[in-house]
Number of protein chains: 2
Amino acid sequence: MSRKPMLRPGGRSARVQQAVHGAVRELTAELGRDALTVPLVAARAGVTPSTVYRRWGDLRELLSDVAVERLRPEAPPADHGDLSADLTAWAEEFLEEMSSPPGRVYIRDALLGDPDGTNAGQCSAYAAEQIDAVLTRARARGETTPDVETVIDKVVAPMMYRILFRPEGLETPYARQLVSSLLETRED
Amino acid sequence: MSRKPMLRPGGRSARVQQAVHGAVRELTAELGRDALTVPLVAARAGVTPSTVYRRWGDLRELLSDVAVERLRPEAPPADHGDLSADLTAWAEEFLEEMSSPPGRVYIRDALLGDPDGTNAGQCSAYAAEQIDAVLTRARARGETTPDVETVIDKVVAPMMYRILFRPEGLETPYARQLVSSLLETRED
DNA sequence: TCACTAAAGCTAAGACTTAGCTTTAGTTTC
DNA sequence: GAAACTAAAGCTAAGTCTTAGCTTTAGTGA
């Protein structure tokens with residue numbers, strides 16, 4: 001979502017965008033991400049390369065846009081009855097998805113081809129939305145909760161830091177431990 | 001440090017590496033990072049482009065190596081007399097350097113052209129070393145300290161997450177607040 | 001000193017990228 | 001409803017980067 005003027009669906013721009021994004025997904029599945037080139041994607045999408053270069057600038061920005069789409073959560077977080085269970089389950093799933101090889105590729109792509117930080121911000125907003133849903137639900141039950149920023153600092157940020165900078169030895173217990181530590185040591 | 005066989009200084013490989021790294025630094029200063037190309041760097045370094053392609057693979061991996069060099073701390077953290085002051089000063093400086101426009105470019109470059117995660121791991125190791133120095137000094141004074149991993153989770157990771165995913169509104173008070181929160185809420 | 005090996009130099013072919021101009025699809029106005 | 005208008009896509013050619021194969025050189029070890 002870097003420089004796309006957001007036309008109404010059905011317009012030509014929207015069709016081209018769908019075709020190009022679809023081509024990226026298909027070719028990634030068929031040939032692997034590293035085999036993609038702008039001319040290849042354009043051919044599959046049925047457009048000329050110059051269209052892709054004009055709209056996205058280069059392959060990295062295009063891959064960044066597609067990666068953000070893939071990182072969008074597909075469903076609201078599951079309800080396990082209380083804050084601790086909800087947050088633990090969400091964090092475990094987040095860590096598992098994001099630290100998997102494809103997850104890491106998507107995160108890197110999203111960060112990478114993103115001159116203005118829009119796509120990175122979008123990724124963070126997705127996580128914040130999911131967390132907010134969990135916290136809002138807990139408050140509706142009468143539980144007291146930390147705020148979203150605190151959860152991001154104490155749970156999301158450590159997981160993401162390790163995914164990006166220290167890919168070794170990341171397992172679900174780490175997510176569980178971060179959530180426990182957040183909810184125990186709380187007197188605010 | 002991706003695929004460099006680490007020859008003894010004085011060897012031809014070492015000379016070429018120095019010349020190429022130097023060329024990247026010079027041209028970045030003169031023309032800006034976005035103007036760099038492999039043929040341009042090679043010409044300045046006095047080598048042929050194929051040498052650069054063979055050794056580094058592509059421009060991104062080369063930029064990643066140079067970025068890691070620049071992210072290496074130049075001096076051990078300053079001694080301010082106690083743990084809280086030392087850690088606060090270190091975190092403030094870290095945040096200021098890393099969140100500056102050039103700092104952000106280096107971090108992205110380091111992460112970006114880094115297929116195996118070696119360079120990212122090196123960046124993290126630099127921070128861990130600095131923190132370890134601060135903590136060791138504090139223990140020598142008789143202070144009790146958290147361990148390095150805890151400081152990384154609670155101070156470094158939140159700062160880095162925001163630098164990468166939410167570049168807006170990052171100021172030194174945030175670093176100070178993370179350190180205070182770490183040292184206050186501690187009963188382990 | 002001589003053989004050996006790893007890395008750099010060289011060259012040509014191929015692929016990607018850029019820029020300018022033309023054409024088309026979709027919108028707005030009369 | 002038709003004609004002018006605009007934004008985006010198509011097309012083409014030139015330039016640049018990238019790759020691959022082979023040759024040469026510098027440094028190492030017998």
# chains A, B, ... in the order shown; residues from 1 in each chain; ligands from 1

call {"tool": "interface_residues", "arguments": {"of": "chain B", "to": "chain D", "cutoff": "8 Å", "atoms": "only C-alpha atoms (C1' of nucleotides)", "output": "PyMOL selection string"}}
result
chain B and resi 11-12+39

call {"tool": "residues_around", "arguments": {"residues": "Pro73 of chain A", "least_positions_apart": "4", "cutoff": "12 Å", "atoms": "only C-alpha atoms (C1' of nucleotides)", "output": "list of chain:residue names"}}
result
A:Val68, A:Glu69, A:Pro77, A:Ala78, A:Trp90, A:Glu93, A:Phe94, A:Glu97, A:Met98, A:Gln122, A:Cys123, A:Ser124, A:Ala125, A:Tyr126, A:Ala127, A:Ala128, A:Glu129, A:Gln130, A:Ile131

call {"tool": "closest_atom_pairs", "arguments": {"of": "chain C", "to": "chain A", "cutoff": "9 Å", "atoms": "only C-alpha atoms (C1' of nucleotides)", "output": "Markdown table"}}
result
| residue | atom | partner | partner_atom | distance |
| --- | --- | --- | --- | --- |
| C:DC16 | C1' | A:Pro39 | CA | 7.9 |
| C:DT17 | C1' | A:Tyr53 | CA | 8.5 |
| C:DT18 | C1' | A:Ser50 | CA | 8.9 |
| C:DA25 | C1' | A:Arg12 | CA | 7.1 |
| C:DG26 | C1' | A:Gly11 | CA | 7.5 |

call {"tool": "select_by_dssp", "arguments": {"residues": "segment 61-185 of chain B", "states": "alpha helix (DSSP H)", "output": "number ranges by chain"}}
result
B: 61-71, 83-99, 101-112, 118-140, 148-151, 157-165, 172-184

call {"tool": "residues_around", "arguments": {"residues": "Leu36 of chain A", "least_positions_apart": "6", "cutoff": "10 Å", "atoms": "only C-alpha atoms (C1' of nucleotides)", "output": "MDAnalysis selection string"}}
result
chainID A and resid 23:24 27:28 59 63

call {"tool": "write_last_selection", "arguments": {"atoms": "all heavy atoms", "output": "PDB file, in the first residue's frame"}}
result
ATOM      1  N   ALA A  23      -0.300 -12.960  -9.436  1.00  0.00           N
ATOM      2  CA  ALA A  23       0.850 -13.540 -10.136  1.00  0.00           C
ATOM      3  C   ALA A  23       2.007 -13.766  -9.171  1.00  0.00           C
ATOM      4  O   ALA A  23       2.685 -14.797  -9.231  1.00  0.00           O
ATOM      5  CB  ALA A  23       1.281 -12.619 -11.279  1.00  0.00           C
ATOM      6  N   VAL A  24       2.225 -12.828  -8.278  1.00  0.00           N
ATOM      7  CA  VAL A  24       3.300 -13.004  -7.295  1.00  0.00           C
ATOM      8  C   VAL A  24       3.038 -14.240  -6.441  1.00  0.00           C
ATOM      9  O   VAL A  24       3.929 -15.059  -6.226  1.00  0.00           O
ATOM     10  CB  VAL A  24       3.431 -11.766  -6.382  1.00  0.00           C
ATOM     11  CG1 VAL A  24       4.345 -12.057  -5.197  1.00  0.00           C
ATOM     12  CG2 VAL A  24       3.965 -10.588  -7.176  1.00  0.00           C
ATOM     13  N   LEU A  27       3.480 -17.506  -8.606  1.00  0.00           N
ATOM     14  CA  LEU A  27       4.870 -17.802  -8.969  1.00  0.00           C
ATOM     15  C   LEU A  27       5.716 -18.109  -7.751  1.00  0.00           C
ATOM     16  O   LEU A  27       6.632 -18.928  -7.817  1.00  0.00           O
ATOM     17  CB  LEU A  27       5.460 -16.622  -9.750  1.00  0.00           C
ATOM     18  CG  LEU A  27       4.856 -16.458 -11.150  1.00  0.00           C
ATOM     19  CD1 LEU A  27       5.249 -15.126 -11.756  1.00  0.00           C
ATOM     20  CD2 LEU A  27       5.297 -17.602 -12.049  1.00  0.00           C
ATOM     21  N   THR A  28       5.404 -17.483  -6.631  1.00  0.00           N
ATOM     22  CA  THR A  28       6.116 -17.822  -5.406  1.00  0.00           C
ATOM     23  C   THR A  28       5.888 -19.286  -5.063  1.00  0.00           C
ATOM     24  O   THR A  28       6.825 -20.011  -4.714  1.00  0.00           O
ATOM     25  CB  THR A  28       5.637 -16.939  -4.246  1.00  0.00           C
ATOM     26  OG1 THR A  28       5.890 -15.572  -4.562  1.00  0.00           O
ATOM     27  CG2 THR A  28       6.377 -17.287  -2.964  1.00  0.00           C
ATOM     28  N   LEU A  59      10.838  -4.622  -7.583  1.00  0.00           N
ATOM     29  CA  LEU A  59      10.307  -5.894  -7.117  1.00  0.00           C
ATOM     30  C   LEU A  59      10.137  -5.918  -5.603  1.00  0.00           C
ATOM     31  O   LEU A  59       9.181  -6.488  -5.078  1.00  0.00           O
ATOM     32  CB  LEU A  59      11.245  -7.028  -7.568  1.00  0.00           C
ATOM     33  CG  LEU A  59      10.805  -8.433  -7.201  1.00  0.00           C
ATOM     34  CD1 LEU A  59       9.493  -8.786  -7.879  1.00  0.00           C
ATOM     35  CD2 LEU A  59      11.866  -9.452  -7.571  1.00  0.00           C
ATOM     36  N   LEU A  63       6.871  -7.041  -3.515  1.00  0.00           N
ATOM     37  CA  LEU A  63       6.889  -8.159  -2.573  1.00  0.00           C
ATOM     38  C   LEU A  63       6.476  -7.692  -1.180  1.00  0.00           C
ATOM     39  O   LEU A  63       5.837  -8.434  -0.433  1.00  0.00           O
ATOM     40  CB  LEU A  63       8.282  -8.791  -2.522  1.00  0.00           C
ATOM     41  CG  LEU A  63       8.711  -9.567  -3.765  1.00  0.00           C
ATOM     42  CD1 LEU A  63      10.135 -10.098  -3.596  1.00  0.00           C
ATOM     43  CD2 LEU A  63       7.754 -10.711  -4.049  1.00  0.00           C
TER      44      LEU A  63
END

call {"tool": "interface_residues", "arguments": {"of": "chain B", "to": "chain A", "cutoff": "12 Å", "atoms": "only C-alpha atoms", "output": "VMD selection string"}}
result
chain B and resid 34 60 101 104 to 105 107 to 128 149 to 168 174 to 175 177 to 178 181 to 182 184 to 188

call {"tool": "atom_distance", "arguments": {"atom1": "atom CA of Thr172 of chain A", "atom2": "atom CA of Thr144 of chain A"}}
result
25.0 Å

call {"tool": "decode", "arguments": {"residues": "chain D", "atoms": "C-alpha atoms (C1' of nucleotides)", "output": "PDB file, in the first residue's frame"}}
result
ATOM      1  C1'  DG D   1     -26.216  10.393 -23.934  1.00  0.00           C
ATOM      2  C1'  DA D   2     -22.090  12.183 -26.238  1.00  0.00           C
ATOM      3  C1'  DA D   3     -17.718  14.543 -26.169  1.00  0.00           C
ATOM      4  C1'  DA D   4     -13.723  16.304 -23.756  1.00  0.00           C
ATOM      5  C1'  DC D   5     -10.553  15.201 -20.148  1.00  0.00           C
ATOM      6  C1'  DT D   6      -7.359  12.587 -17.173  1.00  0.00           C
ATOM      7  C1'  DA D   7      -4.900   8.936 -15.280  1.00  0.00           C
ATOM      8  C1'  DA D   8      -2.940   4.730 -16.090  1.00  0.00           C
ATOM      9  C1'  DA D   9      -1.391   1.028 -19.308  1.00  0.00           C
ATOM     10  C1'  DG D  10       0.913  -0.392 -23.677  1.00  0.00           C
ATOM     11  C1'  DC D  11       4.844  -0.172 -26.503  1.00  0.00           C
ATOM     12  C1'  DT D  12       9.705   0.411 -27.997  1.00  0.00           C
ATOM     13  C1'  DA D  13      14.484   1.291 -27.831  1.00  0.00           C
ATOM     14  C1'  DA D  14      18.560   2.444 -25.298  1.00  0.00           C
ATOM     15  C1'  DG D  15      21.307   1.812 -21.413  1.00  0.00           C
ATOM     16  C1'  DT D  16      22.872  -0.648 -17.415  1.00  0.00           C
ATOM     17  C1'  DC D  17      23.471  -4.422 -14.597  1.00  0.00           C
ATOM     18  C1'  DT D  18      24.240  -9.448 -13.992  1.00  0.00           C
ATOM     19  C1'  DT D  19      25.892 -13.940 -15.140  1.00  0.00           C
ATOM     20  C1'  DA D  20      29.007 -17.476 -16.839  1.00  0.00           C
ATOM     21  C1'  DG D  21      33.170 -19.406 -18.732  1.00  0.00           C
ATOM     22  C1'  DC D  22      37.766 -19.117 -19.357  1.00  0.00           C
ATOM     23  C1'  DT D  23      42.460 -17.136 -18.450  1.00  0.00           C
ATOM     24  C1'  DT D  24      45.750 -15.153 -15.465  1.00  0.00           C
ATOM     25  C1'  DT D  25      47.885 -14.011 -11.128  1.00  0.00           C
ATOM     26  C1'  DA D  26      49.031 -14.002  -6.165  1.00  0.00           C
ATOM     27  C1'  DG D  27      49.921 -16.550  -2.314  1.00  0.00           C
ATOM     28  C1'  DT D  28      50.820 -21.329  -0.077  1.00  0.00           C
ATOM     29  C1'  DG D  29      53.091 -25.550   0.869  1.00  0.00           C
ATOM     30  C1'  DA D  30      56.157 -29.278  -0.571  1.00  0.00           C
TER      31       DA D  30
END
